[in-house]
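Undergrad: Got a structure for you, final.txt, holding compact mmCIF, C-alpha atoms and all ligand atoms.
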```txt
# COMPACT_ATOMS: atom_id res chain seq x y z
CA MET A 29 -73.08 -122.23 31.78
CA GLN A 30 -70.65 -123.11 29.05
CA GLU A 31 -72.28 -120.62 26.74
CA ARG A 32 -72.21 -117.90 29.35
CA LEU A 33 -68.46 -118.44 29.79
CA LYS A 34 -67.85 -118.26 26.01
CA GLU A 35 -69.97 -115.11 25.88
CA LEU A 36 -67.92 -113.51 28.65
CA GLN A 37 -64.72 -114.44 26.84
CA GLN A 38 -66.01 -112.85 23.64
CA GLU A 39 -67.11 -109.68 25.46
CA ALA A 40 -63.81 -109.37 27.28
CA LEU A 41 -61.72 -109.82 24.14
CA GLU A 42 -63.72 -107.14 22.35
CA ALA A 43 -63.29 -104.75 25.25
CA ILE A 44 -59.53 -105.44 25.31
CA GLN A 45 -59.33 -104.76 21.62
CA LYS A 46 -61.00 -101.37 22.07
CA ALA A 47 -58.93 -100.28 25.07
CA THR A 48 -56.75 -97.31 24.11
CA ASP A 49 -54.75 -96.83 27.29
CA LEU A 50 -53.35 -98.71 30.26
CA LYS A 51 -55.95 -97.34 32.62
CA ALA A 52 -58.85 -98.72 30.58
CA LEU A 53 -57.04 -102.05 30.26
CA ASN A 54 -56.62 -102.29 34.00
CA GLU A 55 -60.31 -101.63 34.52
CA ILE A 56 -61.08 -104.55 32.19
CA ARG A 57 -58.72 -106.78 34.15
CA VAL A 58 -60.42 -105.94 37.42
CA SER A 59 -63.95 -106.28 36.09
CA TYR A 60 -63.48 -109.64 34.33
CA LEU A 61 -60.90 -111.42 36.40
CA GLY A 62 -61.51 -109.89 39.85
CA LYS A 63 -63.10 -111.77 42.71
CA LYS A 64 -66.37 -109.99 42.15
CA GLY A 65 -66.24 -110.46 38.38
CA PRO A 66 -68.73 -112.38 36.22
CA ILE A 67 -66.52 -115.50 35.83
CA THR A 68 -66.38 -116.02 39.60
CA GLU A 69 -70.10 -115.40 39.60
CA VAL A 70 -70.65 -118.20 37.01
CA LEU A 71 -68.43 -120.60 38.95
CA LYS A 72 -70.55 -120.10 42.04
CA GLY A 73 -73.33 -122.01 40.24
CA MET A 74 -71.07 -125.08 39.80
CA GLY A 75 -72.61 -126.75 42.85
CA LYS A 76 -75.68 -127.49 40.79
CA LEU A 77 -73.74 -129.45 38.18
CA SER A 78 -73.21 -133.19 38.11
CA ALA A 79 -69.94 -134.63 39.37
CA GLU A 80 -69.03 -135.41 35.79
CA GLU A 81 -69.58 -131.96 34.41
CA ARG A 82 -67.99 -130.06 37.29
CA PRO A 83 -64.28 -130.62 36.39
CA LYS A 84 -64.96 -129.93 32.70
CA MET A 85 -66.62 -126.62 33.59
CA GLY A 86 -63.78 -125.83 35.99
CA ALA A 87 -61.24 -126.47 33.25
CA LEU A 88 -63.22 -124.31 30.78
CA ALA A 89 -63.47 -121.45 33.29
CA ASN A 90 -59.69 -121.60 33.79
CA GLU A 91 -59.14 -121.63 30.06
CA VAL A 92 -61.35 -118.54 29.57
CA ARG A 93 -59.47 -116.78 32.37
CA ASP A 94 -56.12 -117.64 30.80
CA ILE A 95 -57.20 -116.46 27.37
CA ILE A 96 -58.47 -113.12 28.75
CA SER A 97 -55.38 -112.70 30.87
CA ALA A 98 -53.04 -113.48 27.97
CA ASN A 99 -54.86 -110.99 25.76
CA ILE A 100 -54.64 -108.30 28.42
CA GLU A 101 -50.92 -108.99 28.77
CA GLU A 102 -50.36 -108.73 25.04
CA LYS A 103 -52.39 -105.57 24.74
CA GLN A 104 -50.54 -104.06 27.69
CA GLN A 105 -47.18 -104.65 26.03
CA GLY A 106 -48.50 -103.10 22.83
CA LEU A 107 -49.76 -100.01 24.66
CA GLU A 108 -46.54 -99.59 26.61
CA ALA A 109 -44.42 -99.83 23.48
CA ALA A 110 -46.67 -97.28 21.76
CA ALA A 111 -46.28 -94.91 24.72
CA VAL A 112 -42.48 -95.13 24.51
CA GLU A 113 -42.63 -94.57 20.75
CA ALA A 114 -44.82 -91.51 21.22
CA GLN A 115 -42.49 -90.07 23.86
CA LEU A 116 -39.45 -90.65 21.67
CA ALA A 117 -41.16 -88.99 18.73
CA SER A 118 -42.18 -85.95 20.76
CA GLU A 119 -38.72 -85.52 22.28
CA THR A 120 -36.69 -85.97 19.13
CA ILE A 121 -33.87 -83.48 18.72
CA ASP A 122 -32.90 -82.52 15.23
CA VAL A 123 -29.14 -82.60 15.52
CA THR A 124 -28.77 -81.25 12.01
CA LEU A 125 -30.36 -77.87 12.89
CA PRO A 126 -27.73 -75.13 12.86
CA GLY A 127 -27.03 -73.81 16.40
CA ARG A 128 -27.73 -70.26 17.52
CA PRO A 129 -24.47 -68.30 17.79
CA ILE A 130 -23.59 -67.26 21.36
CA GLN A 131 -22.95 -63.54 21.67
CA THR A 132 -19.64 -62.86 23.33
CA GLY A 133 -18.22 -59.55 24.39
CA ASN A 134 -14.64 -58.44 24.04
CA HIS A 135 -12.20 -56.23 25.84
CA HIS A 136 -12.66 -52.50 25.43
CA PRO A 137 -9.83 -51.04 23.29
CA LEU A 138 -8.66 -48.97 26.27
CA THR A 139 -8.50 -52.09 28.44
CA ARG A 140 -6.43 -53.74 25.75
CA ILE A 141 -3.93 -50.89 25.66
CA VAL A 142 -3.75 -50.75 29.46
CA GLU A 143 -3.16 -54.50 29.70
CA GLU A 144 -0.57 -54.42 26.96
CA ILE A 145 1.35 -51.62 28.69
CA GLU A 146 0.98 -53.27 32.10
CA ASP A 147 2.33 -56.57 30.76
CA LEU A 148 5.28 -54.78 29.24
CA PHE A 149 6.25 -53.07 32.50
CA ILE A 150 5.47 -56.06 34.72
CA GLY A 151 8.00 -57.88 32.53
CA MET A 152 10.55 -55.25 33.59
CA GLY A 153 9.86 -55.78 37.29
CA TYR A 154 7.25 -53.07 37.90
CA THR A 155 4.14 -53.63 40.01
CA VAL A 156 0.71 -52.16 39.30
CA ALA A 157 -0.43 -49.54 41.82
CA GLU A 158 -3.80 -47.88 42.18
CA GLY A 159 -5.15 -44.83 43.95
CA PRO A 160 -8.46 -43.07 44.55
CA GLU A 161 -10.24 -41.10 41.82
CA VAL A 162 -11.69 -38.75 44.43
CA GLU A 163 -8.43 -37.32 45.67
CA GLN A 164 -7.12 -34.83 48.20
CA ASP A 165 -5.75 -31.56 46.89
CA TYR A 166 -2.61 -32.42 48.84
CA TYR A 167 -1.74 -35.54 46.78
CA ASN A 168 -3.04 -34.24 43.44
CA PHE A 169 -1.10 -30.96 43.66
CA GLU A 170 0.79 -30.03 46.80
CA ALA A 171 2.84 -33.18 47.30
CA LEU A 172 3.75 -32.88 43.61
CA ASN A 173 5.35 -29.49 44.10
CA LEU A 174 2.30 -27.45 43.14
CA PRO A 175 1.50 -25.28 46.15
CA LYS A 176 -1.90 -23.53 46.31
CA SER A 177 -0.84 -20.41 44.42
CA HIS A 178 1.11 -22.24 41.69
CA PRO A 179 0.11 -20.97 38.22
CA ALA A 180 0.53 -24.46 36.68
CA ARG A 181 -2.61 -25.55 38.53
CA ASP A 182 -4.56 -23.67 35.87
CA ALA A 183 -3.27 -26.04 33.21
CA GLN A 184 -5.34 -28.77 34.78
CA ASP A 185 -8.71 -27.16 35.32
CA SER A 186 -10.25 -29.30 38.03
CA PHE A 187 -13.57 -30.55 39.34
CA TYR A 188 -13.45 -29.59 43.03
CA ILE A 189 -15.81 -31.28 45.48
CA THR A 190 -14.70 -29.24 48.49
CA ASP A 191 -11.74 -26.86 48.90
CA GLU A 192 -9.51 -29.81 49.74
CA VAL A 193 -11.07 -32.66 47.73
CA LEU A 194 -11.31 -33.02 43.95
CA LEU A 195 -11.58 -35.55 41.14
CA ARG A 196 -7.93 -36.27 40.39
CA THR A 197 -6.66 -34.47 37.30
CA GLN A 198 -3.78 -36.88 36.75
CA THR A 199 -2.51 -40.26 37.98
CA SER A 200 0.58 -38.58 39.48
CA PRO A 201 -0.94 -38.47 43.02
CA VAL A 202 -0.43 -42.25 43.08
CA GLN A 203 3.33 -41.49 42.90
CA ALA A 204 3.12 -39.42 46.07
CA ARG A 205 0.93 -41.96 47.86
CA THR A 206 3.17 -44.90 46.92
CA MET A 207 6.39 -43.15 47.92
CA GLU A 208 4.85 -42.16 51.25
CA LYS A 209 4.04 -45.84 51.95
CA HIS A 210 7.65 -46.82 51.25
CA ASP A 211 8.83 -44.82 54.29
CA GLY A 212 11.85 -43.37 52.55
CA LYS A 213 13.17 -46.75 51.40
CA GLY A 214 13.73 -47.65 47.74
CA PRO A 215 13.42 -49.10 45.29
CA VAL A 216 9.97 -48.04 44.10
CA LYS A 217 8.95 -49.34 40.68
CA ILE A 218 5.30 -48.88 39.80
CA ILE A 219 2.99 -48.51 36.88
CA CYS A 220 -0.36 -46.95 37.59
CA PRO A 221 -3.32 -46.87 35.21
CA GLY A 222 -6.53 -45.05 36.05
CA LYS A 223 -9.28 -42.56 35.22
CA VAL A 224 -8.65 -38.84 35.52
CA TYR A 225 -10.95 -35.81 35.19
CA ARG A 226 -10.53 -32.29 33.87
CA ARG A 227 -12.94 -29.45 33.16
CA ASP A 228 -12.73 -29.69 29.39
CA SER A 229 -15.42 -29.25 26.77
CA ASP A 230 -15.83 -32.57 25.02
CA ASP A 231 -14.88 -32.67 21.35
CA ALA A 232 -13.02 -35.03 19.01
CA THR A 233 -9.77 -34.72 20.96
CA HIS A 234 -10.85 -33.56 24.45
CA SER A 235 -12.82 -35.37 27.10
CA HIS A 236 -13.73 -34.37 30.67
CA GLN A 237 -12.80 -37.92 31.69
CA PHE A 238 -9.98 -39.99 30.28
CA MET A 239 -7.34 -42.51 31.29
CA GLN A 240 -3.69 -42.09 32.09
CA ILE A 241 -0.88 -44.49 32.82
CA GLU A 242 1.82 -43.28 35.11
CA GLY A 243 5.20 -44.87 35.72
CA LEU A 244 7.58 -44.18 38.60
CA VAL A 245 11.00 -45.52 39.51
CA VAL A 246 12.84 -44.32 42.61
CA ALA A 247 16.11 -45.94 43.65
CA GLU A 248 19.77 -45.11 44.11
CA ASN A 249 21.66 -43.96 41.01
CA ILE A 250 18.69 -43.60 38.69
CA ARG A 251 19.69 -41.43 35.77
CA MET A 252 18.14 -39.75 32.77
CA SER A 253 19.64 -42.50 30.59
CA ASP A 254 17.54 -45.07 32.51
CA LEU A 255 14.42 -43.09 31.63
CA LYS A 256 15.47 -42.85 28.01
CA GLY A 257 16.23 -46.56 27.71
CA THR A 258 12.93 -47.50 29.34
CA LEU A 259 10.88 -45.26 27.09
CA GLU A 260 12.71 -46.41 23.99
CA LEU A 261 11.87 -50.01 24.80
CA PHE A 262 8.27 -49.01 25.50
CA ALA A 263 7.97 -47.24 22.13
CA LYS A 264 9.40 -50.19 20.22
CA LYS A 265 7.19 -52.74 21.93
CA LEU A 266 4.02 -50.70 21.52
CA PHE A 267 4.53 -49.12 18.10
CA GLY A 268 7.03 -51.41 16.35
CA GLU A 269 10.70 -52.38 16.49
CA ASP A 270 11.80 -49.65 14.05
CA ARG A 271 10.58 -46.81 16.25
CA GLU A 272 12.92 -44.18 17.66
CA ILE A 273 12.23 -41.65 20.37
CA ARG A 274 13.07 -37.98 20.71
CA LEU A 275 13.14 -35.97 23.95
CA ARG A 276 12.18 -32.30 23.95
CA PRO A 277 12.66 -30.00 26.93
CA SER A 278 9.41 -29.28 28.72
CA PHE A 279 8.04 -28.32 32.11
CA PHE A 280 6.19 -30.22 34.81
CA PRO A 281 6.29 -28.96 38.40
CA PHE A 282 7.05 -32.45 39.75
CA THR A 283 9.97 -33.31 37.45
CA GLU A 284 13.30 -31.58 36.79
CA PRO A 285 14.47 -31.75 34.10
CA SER A 286 11.20 -32.43 32.31
CA VAL A 287 10.84 -33.77 28.81
CA GLU A 288 8.12 -34.30 26.25
CA VAL A 289 8.63 -37.59 24.43
CA ASP A 290 7.98 -38.07 20.72
CA VAL A 291 7.97 -41.36 18.80
CA SER A 292 9.00 -41.53 15.16
CA CYS A 293 5.84 -41.80 13.07
CA PHE A 294 4.78 -45.43 12.68
CA LYS A 295 2.73 -44.67 9.59
CA CYS A 296 5.23 -42.87 7.38
CA GLY A 297 8.40 -43.93 9.19
CA GLY A 298 9.42 -40.30 9.70
CA HIS A 299 8.97 -38.82 6.20
CA GLY A 300 5.86 -36.83 7.11
CA CYS A 301 2.18 -37.69 6.75
CA ASN A 302 -1.25 -36.68 8.06
CA ILE A 303 -0.83 -38.60 11.35
CA CYS A 304 2.42 -36.88 12.32
CA LYS A 305 1.27 -33.58 10.77
CA GLN A 306 4.20 -33.74 8.33
CA THR A 307 6.78 -33.59 11.15
CA GLY A 308 7.76 -37.27 11.22
CA TRP A 309 7.26 -37.31 15.02
CA ILE A 310 4.27 -38.00 17.27
CA GLU A 311 4.08 -36.71 20.83
CA VAL A 312 3.15 -39.56 23.17
CA LEU A 313 3.99 -38.71 26.76
CA GLY A 314 5.40 -36.40 29.40
CA SER A 315 8.22 -37.38 31.73
CA GLY A 316 11.26 -36.32 33.66
CA MET A 317 13.48 -36.86 36.68
CA VAL A 318 11.49 -36.71 39.92
CA HIS A 319 11.90 -33.24 41.47
CA PRO A 320 13.93 -33.31 44.74
CA ASN A 321 11.08 -31.46 46.48
CA VAL A 322 8.69 -34.29 45.57
CA LEU A 323 11.11 -36.93 46.89
CA GLU A 324 11.59 -35.01 50.13
CA MET A 325 7.88 -34.35 50.66
CA SER A 326 7.20 -38.08 50.32
CA GLY A 327 9.91 -38.96 52.84
CA PHE A 328 12.85 -39.82 50.54
CA ASP A 329 16.36 -38.43 51.00
CA SER A 330 16.97 -36.64 47.69
CA LYS A 331 20.75 -36.84 48.18
CA LYS A 332 20.60 -40.62 48.27
CA TYR A 333 17.69 -41.33 45.98
CA SER A 334 16.74 -40.20 42.52
CA GLY A 335 14.01 -41.30 40.16
CA PHE A 336 12.14 -40.81 36.95
CA ALA A 337 8.43 -40.60 36.18
CA PHE A 338 6.36 -40.59 33.04
CA GLY A 339 2.69 -40.26 32.27
CA MET A 340 0.61 -40.73 29.17
CA GLY A 341 -3.00 -40.53 28.00
CA VAL A 342 -4.31 -43.99 27.18
CA GLU A 343 -6.95 -42.71 24.72
CA ARG A 344 -4.28 -40.88 22.78
CA ILE A 345 -2.13 -44.01 22.54
CA ALA A 346 -5.15 -46.09 21.46
CA MET A 347 -6.19 -43.47 18.88
CA LEU A 348 -2.70 -43.46 17.39
CA LYS A 349 -2.28 -47.22 17.47
CA TYR A 350 -5.69 -48.11 16.01
CA GLY A 351 -6.23 -45.03 13.83
CA ILE A 352 -9.29 -43.78 15.77
CA ASP A 353 -10.24 -40.20 14.91
CA ASP A 354 -12.62 -39.24 17.71
CA ILE A 355 -12.07 -39.70 21.46
CA ARG A 356 -15.84 -39.84 22.02
CA HIS A 357 -15.96 -43.32 20.45
CA PHE A 358 -14.39 -44.71 23.62
CA TYR A 359 -17.29 -43.85 25.86
CA THR A 360 -20.35 -43.71 23.61
CA ASN A 361 -20.07 -47.51 23.42
CA ASP A 362 -21.40 -48.09 19.93
CA VAL A 363 -21.19 -51.87 19.63
CA ARG A 364 -20.16 -51.59 15.95
CA PHE A 365 -17.10 -49.65 17.09
CA LEU A 366 -16.27 -51.93 20.00
CA LYS A 367 -16.68 -55.13 17.96
CA GLN A 368 -13.79 -54.16 15.73
CA PHE A 369 -11.48 -54.88 18.64
CA GLN A 370 -12.50 -58.51 18.97
CA VAL A 371 -9.47 -60.75 19.30
CA LYS A 372 -9.72 -64.46 18.60
CA GLU A 373 -7.98 -66.07 21.56
N1 LIG B 1 0.91 -35.91 35.04
C1 LIG B 1 1.38 -35.30 33.83
C2 LIG B 1 0.17 -34.81 33.03
O1 LIG B 1 -0.92 -35.18 33.34
C3 LIG B 1 2.20 -36.27 33.01
C4 LIG B 1 3.50 -36.61 33.67
C5 LIG B 1 3.59 -37.65 34.54
C6 LIG B 1 4.63 -35.83 33.42
C7 LIG B 1 4.79 -37.97 35.15
C8 LIG B 1 5.81 -36.15 34.02
C9 LIG B 1 5.89 -37.20 34.87
O2 LIG B 1 0.32 -34.06 32.10
```
I'd like the structure from this file rewritten - as structure tokens, please.
Ligand code: PHE

TA:
Amino acid sequence: MQERLKELQQEALEAIQKATDLKALNEIRVSYLGKKGPITEVLKGMGKLSAEERPKMGALANEVRDIISANIEEKQQGLEAAAVEAQLASETIDVTLPGRPIQTGNHHPLTRIVEEIEDLFIGMGYTVAEGPEVEQDYYNFEALNLPKSHPARDAQDSFYITDEVLLRTQTSPVQARTMEKHDGKGPVKIICPGKVYRRDSDDATHSHQFMQIEGLVVAENIRMSDLKGTLELFAKKLFGEDREIRLRPSFFPFTEPSVEVDVSCFKCGGHGCNICKQTGWIEVLGSGMVHPNVLEMSGFDSKKYSGFAFGMGVERIAMLKYGIDDIRHFYTNDVRFLKQFQVKE
């Protein structure tokens, strides 16, 4: 019996040694130390022993059990530690690897110009107004003093959808819409950016779709000098403190008098260069005093109220400011072009 117990101990220790995972180890525990295991089996034969030998055999059986159990315990700890090691090794992060750069976009150059101009006018108490791109003939032309037969309609060749609905050719209809909402009460002070459409053949300087920014002020005692002061400030902020402006007589059906506004060339300072076509001046916008007919049609008393309006092409401003030579760059969206306008914030 003693030998059998020693044999079992030997067998069990060998099996423990060979076990490679916790599952196998557990099976060994159950098979050697369980109630139906061989040690229990051996102890069942104790009845046949003498009273002297019985306690000795009992003590030996307990010793064998303890040895097996202690070995299992030790092996288990070893296996568990190895499992943790293996997991740590497989999940190691190499913190010295360089990271992958995250691709970020940036504002479109036109958005930048629009925001810059908006900020400037918001700072002077203007609010930003918007209107529909699919517009009624009434707001795009008639309410702006261009009745159906007016020859100046030809200057803005339009995309008509029906006889009365078109893609707006200018942002000026937002003037008419905003004034109408004011119910004849001033002051009105708005800046209005947006897309406009004209039937033009696309080339380096023409596009069938482009952006305009319109400004409108209607209040009591608004004079031409207010318009001039406002535009002078605008030119200095956008193109540099040394800029001057020049007003040339012009014609728009919705303003009287009307002026074309030039800015002194920011490249040559007025001496003449390729940008200003040797004139020293660059044309940037159209403007004038709001025509009394326009005020009246939108519900304002033209004896009490007066106003000024101006409108400019955003692409043209961006082309001048950033030295861009082809308007098509703005909408063909070549990333190499757009990336040049990345600003580090
Ligand atoms: N709407 C005019 C254009 O598209 C520009 C303009 C706006 C002129 C406001 C005067 C006043 O040419």

Undergrad: Taking all atoms listed in the file into account, which residues have an atom no farther than 9 Å from ligand LIG 1 (chain B)? I'd like them as a PyMOL selection string.

TA: chain A and resi 183-184+197-201+203+224+240-244+279-283+286-288+313-318+336-341

Undergrad: Using all atoms listed in the file, can you list as a ChimeraX atom specification the residues within 7 Å of (9.8, -44.0, 20.4)?

TA: /A:259-260,263-264,271-274,290-292

Undergrad: Looking at only C-alpha atoms, which of A:Ile67, A:Met29, A:Val123, A:Ile352 is the one that sits closest to Met85 in chain A?

TA: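 Closest candidate: A:Met29.
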
Undergrad: Compare A:Gly297, A:Gly133, A:Gly153, A:Pro277 by their minimum atom-to-atom distance to Gln368 in chain A, counting only C-alpha atoms, and give me the closest one.

TA: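 Among the listed residues, A:Gly133 lies closest to Gln368 in chain A.
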
Undergrad: One decimal, Å: what's the distance from CA of Leu36 in chain A over to CA of Glu69 in chain A, could you say?

TA: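 CA of Glu69 in chain A lies at a distance of 11.3 Å from CA of Leu36 in chain A.
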
Undergrad: Interatomic distance between CA of Thr258 in chain A and CA of Asp354 in chain A?

TA: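 Computing the Euclidean distance for CA of Thr258 in chain A and CA of Asp354 in chain A yields 29.3 Å.
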
Undergrad: So that I can check the surroundings of range 104-112 of chain A, please list as a list of chain:residue names every protein, DNA and RNA residue that reaches within 12 Å of it, counting only C-alpha atoms and ignoring chain neighbours fewer than 6 positions away.

TA: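 Answer for this query is A:Ile44, A:Gln45, A:Lys46, A:Ala47, A:Thr48, A:Asp49, A:Leu50, A:Lys51, A:Ala52, A:Leu53, A:Asn54, A:Ile56, A:Arg57, A:Ser97, A:Ala98, A:Ser118, A:Glu119.
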
Undergrad: For CA of Ile310 in chain A and CA of Lys295 in chain A, determine how far apart the two atoms are, in Å to one decimal place.

TA: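 It comes out at 10.3 Å.
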
Undergrad: May I have the residues within 10 Å of His210 in chain A as a list in words, using all atoms listed in the file and disregarding those fewer than 5 positions away in the same chain?

TA: Arg205, Pro215, Val216, Ser326, Gly327 and Phe328 of chain A

Undergrad: At a cut-off of 10 Å, using all atoms listed in the file, what residues contact Leu148 in chain A? Leave out same-chain residues fewer than 4 positions from it and give the result as a PyMOL selection string.

TA: chain A and resi 142-144+152-154+261-262+265-266

Undergrad: Need the shell around Pro137 in chain A: protein/DNA/RNA residues with any atom at most 10 Å away, counting only C-alpha atoms. Skip same-chain ones fewer than 6 positions apart. Format as an MDAnalysis selection string?

TA: chainID A and resid 143 342:343 346:347 350 358 365:370

Undergrad: Find the spatial neighbours of Leu195 in chain A, counting only C-alpha atoms, within a cut-off of 7 Å - ignore same-chain residues fewer than 3 positions away - and output them as a ChimeraX atom specification.

TA: /A:161-163,187-188,225

Undergrad: Looking at A:Leu71, A:Ala247, A:Ile218, A:Ile303, which one is nearest to Val156 in chain A, with distances taken over all atoms listed in the file?

TA: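 Going through A:Leu71, A:Ala247, A:Ile218, A:Ile303 one by one, the smallest distance to Val156 in chain A is for A:Ile218.
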
Undergrad: Looking at A:Leu323, A:Met239, A:Ala117, A:Leu275, which one is nearest to Thr206 in chain A, with distances taken over only C-alpha atoms?

TA: A:Leu323

Undergrad: A:Ser59, A:Thr68, A:Thr132, A:Ser235: which is nearest Leu33 in chain A, counting all atoms listed in the file?

TA: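 Under the stated criterion, the closest residue is A:Thr68.
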
Undergrad: Please produce range 299-317 of chain A, completed to N, CA, C and O atoms, as an mmCIF file, in the coordinates of the input.

TA:
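Below is the file that was written, part.cif:
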```cif
data_model
loop_
_atom_site.group_PDB
_atom_site.id
_atom_site.type_symbol
_atom_site.label_atom_id
_atom_site.label_comp_id
_atom_site.auth_asym_id
_atom_site.auth_seq_id
_atom_site.Cartn_x
_atom_site.Cartn_y
_atom_site.Cartn_z
ATOM 1 N N HIS A 299 8.882 -39.708 7.375
ATOM 2 C CA HIS A 299 8.970 -38.820 6.200
ATOM 3 C C HIS A 299 7.970 -37.673 6.259
ATOM 4 O O HIS A 299 8.153 -36.650 5.617
ATOM 5 N N GLY A 300 6.894 -37.867 7.028
ATOM 6 C CA GLY A 300 5.860 -36.830 7.110
ATOM 7 C C GLY A 300 4.554 -37.301 6.481
ATOM 8 O O GLY A 300 4.539 -37.719 5.326
ATOM 9 N N CYS A 301 3.489 -37.283 7.274
ATOM 10 C CA CYS A 301 2.180 -37.690 6.750
ATOM 11 C C CYS A 301 1.089 -37.009 7.573
ATOM 12 O O CYS A 301 1.386 -36.169 8.432
ATOM 13 N N ASN A 302 -0.181 -37.387 7.332
ATOM 14 C CA ASN A 302 -1.250 -36.680 8.060
ATOM 15 C C ASN A 302 -1.252 -37.004 9.554
ATOM 16 O O ASN A 302 -1.610 -36.186 10.384
ATOM 17 N N ILE A 303 -0.820 -38.230 9.923
ATOM 18 C CA ILE A 303 -0.830 -38.600 11.350
ATOM 19 C C ILE A 303 0.189 -37.780 12.139
ATOM 20 O O ILE A 303 -0.100 -37.282 13.216
ATOM 21 N N CYS A 304 1.381 -37.626 11.588
ATOM 22 C CA CYS A 304 2.420 -36.880 12.320
ATOM 23 C C CYS A 304 2.428 -35.403 11.931
ATOM 24 O O CYS A 304 3.349 -34.674 12.267
ATOM 25 N N LYS A 305 1.399 -34.979 11.227
ATOM 26 C CA LYS A 305 1.270 -33.580 10.770
ATOM 27 C C LYS A 305 2.533 -33.128 10.041
ATOM 28 O O LYS A 305 3.066 -32.041 10.277
ATOM 29 N N GLN A 306 3.030 -33.990 9.189
ATOM 30 C CA GLN A 306 4.200 -33.740 8.330
ATOM 31 C C GLN A 306 5.507 -33.546 9.083
ATOM 32 O O GLN A 306 6.512 -33.133 8.511
ATOM 33 N N THR A 307 5.547 -33.821 10.387
ATOM 34 C CA THR A 307 6.780 -33.590 11.150
ATOM 35 C C THR A 307 7.629 -34.846 11.268
ATOM 36 O O THR A 307 8.806 -34.783 11.618
ATOM 37 N N GLY A 308 7.017 -36.008 11.053
ATOM 38 C CA GLY A 308 7.760 -37.270 11.220
ATOM 39 C C GLY A 308 7.764 -37.760 12.657
ATOM 40 O O GLY A 308 8.226 -38.866 12.938
ATOM 41 N N TRP A 309 7.249 -36.937 13.593
ATOM 42 C CA TRP A 309 7.260 -37.310 15.020
ATOM 43 C C TRP A 309 5.867 -37.182 15.632
ATOM 44 O O TRP A 309 5.103 -36.297 15.260
ATOM 45 N N ILE A 310 5.562 -38.065 16.582
ATOM 46 C CA ILE A 310 4.270 -38.000 17.270
ATOM 47 C C ILE A 310 4.518 -37.899 18.772
ATOM 48 O O ILE A 310 5.256 -38.712 19.347
ATOM 49 N N GLU A 311 3.895 -36.890 19.384
ATOM 50 C CA GLU A 311 4.080 -36.710 20.830
ATOM 51 C C GLU A 311 3.265 -37.772 21.565
ATOM 52 O O GLU A 311 2.083 -37.923 21.319
ATOM 53 N N VAL A 312 3.909 -38.520 22.470
ATOM 54 C CA VAL A 312 3.150 -39.560 23.170
ATOM 55 C C VAL A 312 3.091 -39.419 24.685
ATOM 56 O O VAL A 312 2.152 -39.897 25.309
ATOM 57 N N LEU A 313 4.077 -38.799 25.298
ATOM 58 C CA LEU A 313 3.990 -38.710 26.760
ATOM 59 C C LEU A 313 4.865 -37.625 27.354
ATOM 60 O O LEU A 313 5.731 -37.054 26.689
ATOM 61 N N GLY A 314 4.597 -37.356 28.652
ATOM 62 C CA GLY A 314 5.400 -36.400 29.400
ATOM 63 C C GLY A 314 6.208 -37.157 30.439
ATOM 64 O O GLY A 314 5.747 -38.174 30.952
ATOM 65 N N SER A 315 7.418 -36.655 30.731
ATOM 66 C CA SER A 315 8.220 -37.380 31.730
ATOM 67 C C SER A 315 9.340 -36.500 32.253
ATOM 68 O O SER A 315 9.486 -35.337 31.858
ATOM 69 N N GLY A 316 10.124 -37.067 33.129
ATOM 70 C CA GLY A 316 11.260 -36.320 33.660
ATOM 71 C C GLY A 316 11.826 -36.996 34.892
ATOM 72 O O GLY A 316 11.354 -38.062 35.305
ATOM 73 N N MET A 317 12.871 -36.342 35.450
ATOM 74 C CA MET A 317 13.480 -36.860 36.680
ATOM 75 C C MET A 317 12.697 -36.295 37.863
ATOM 76 O O MET A 317 12.423 -35.088 37.907
#
```
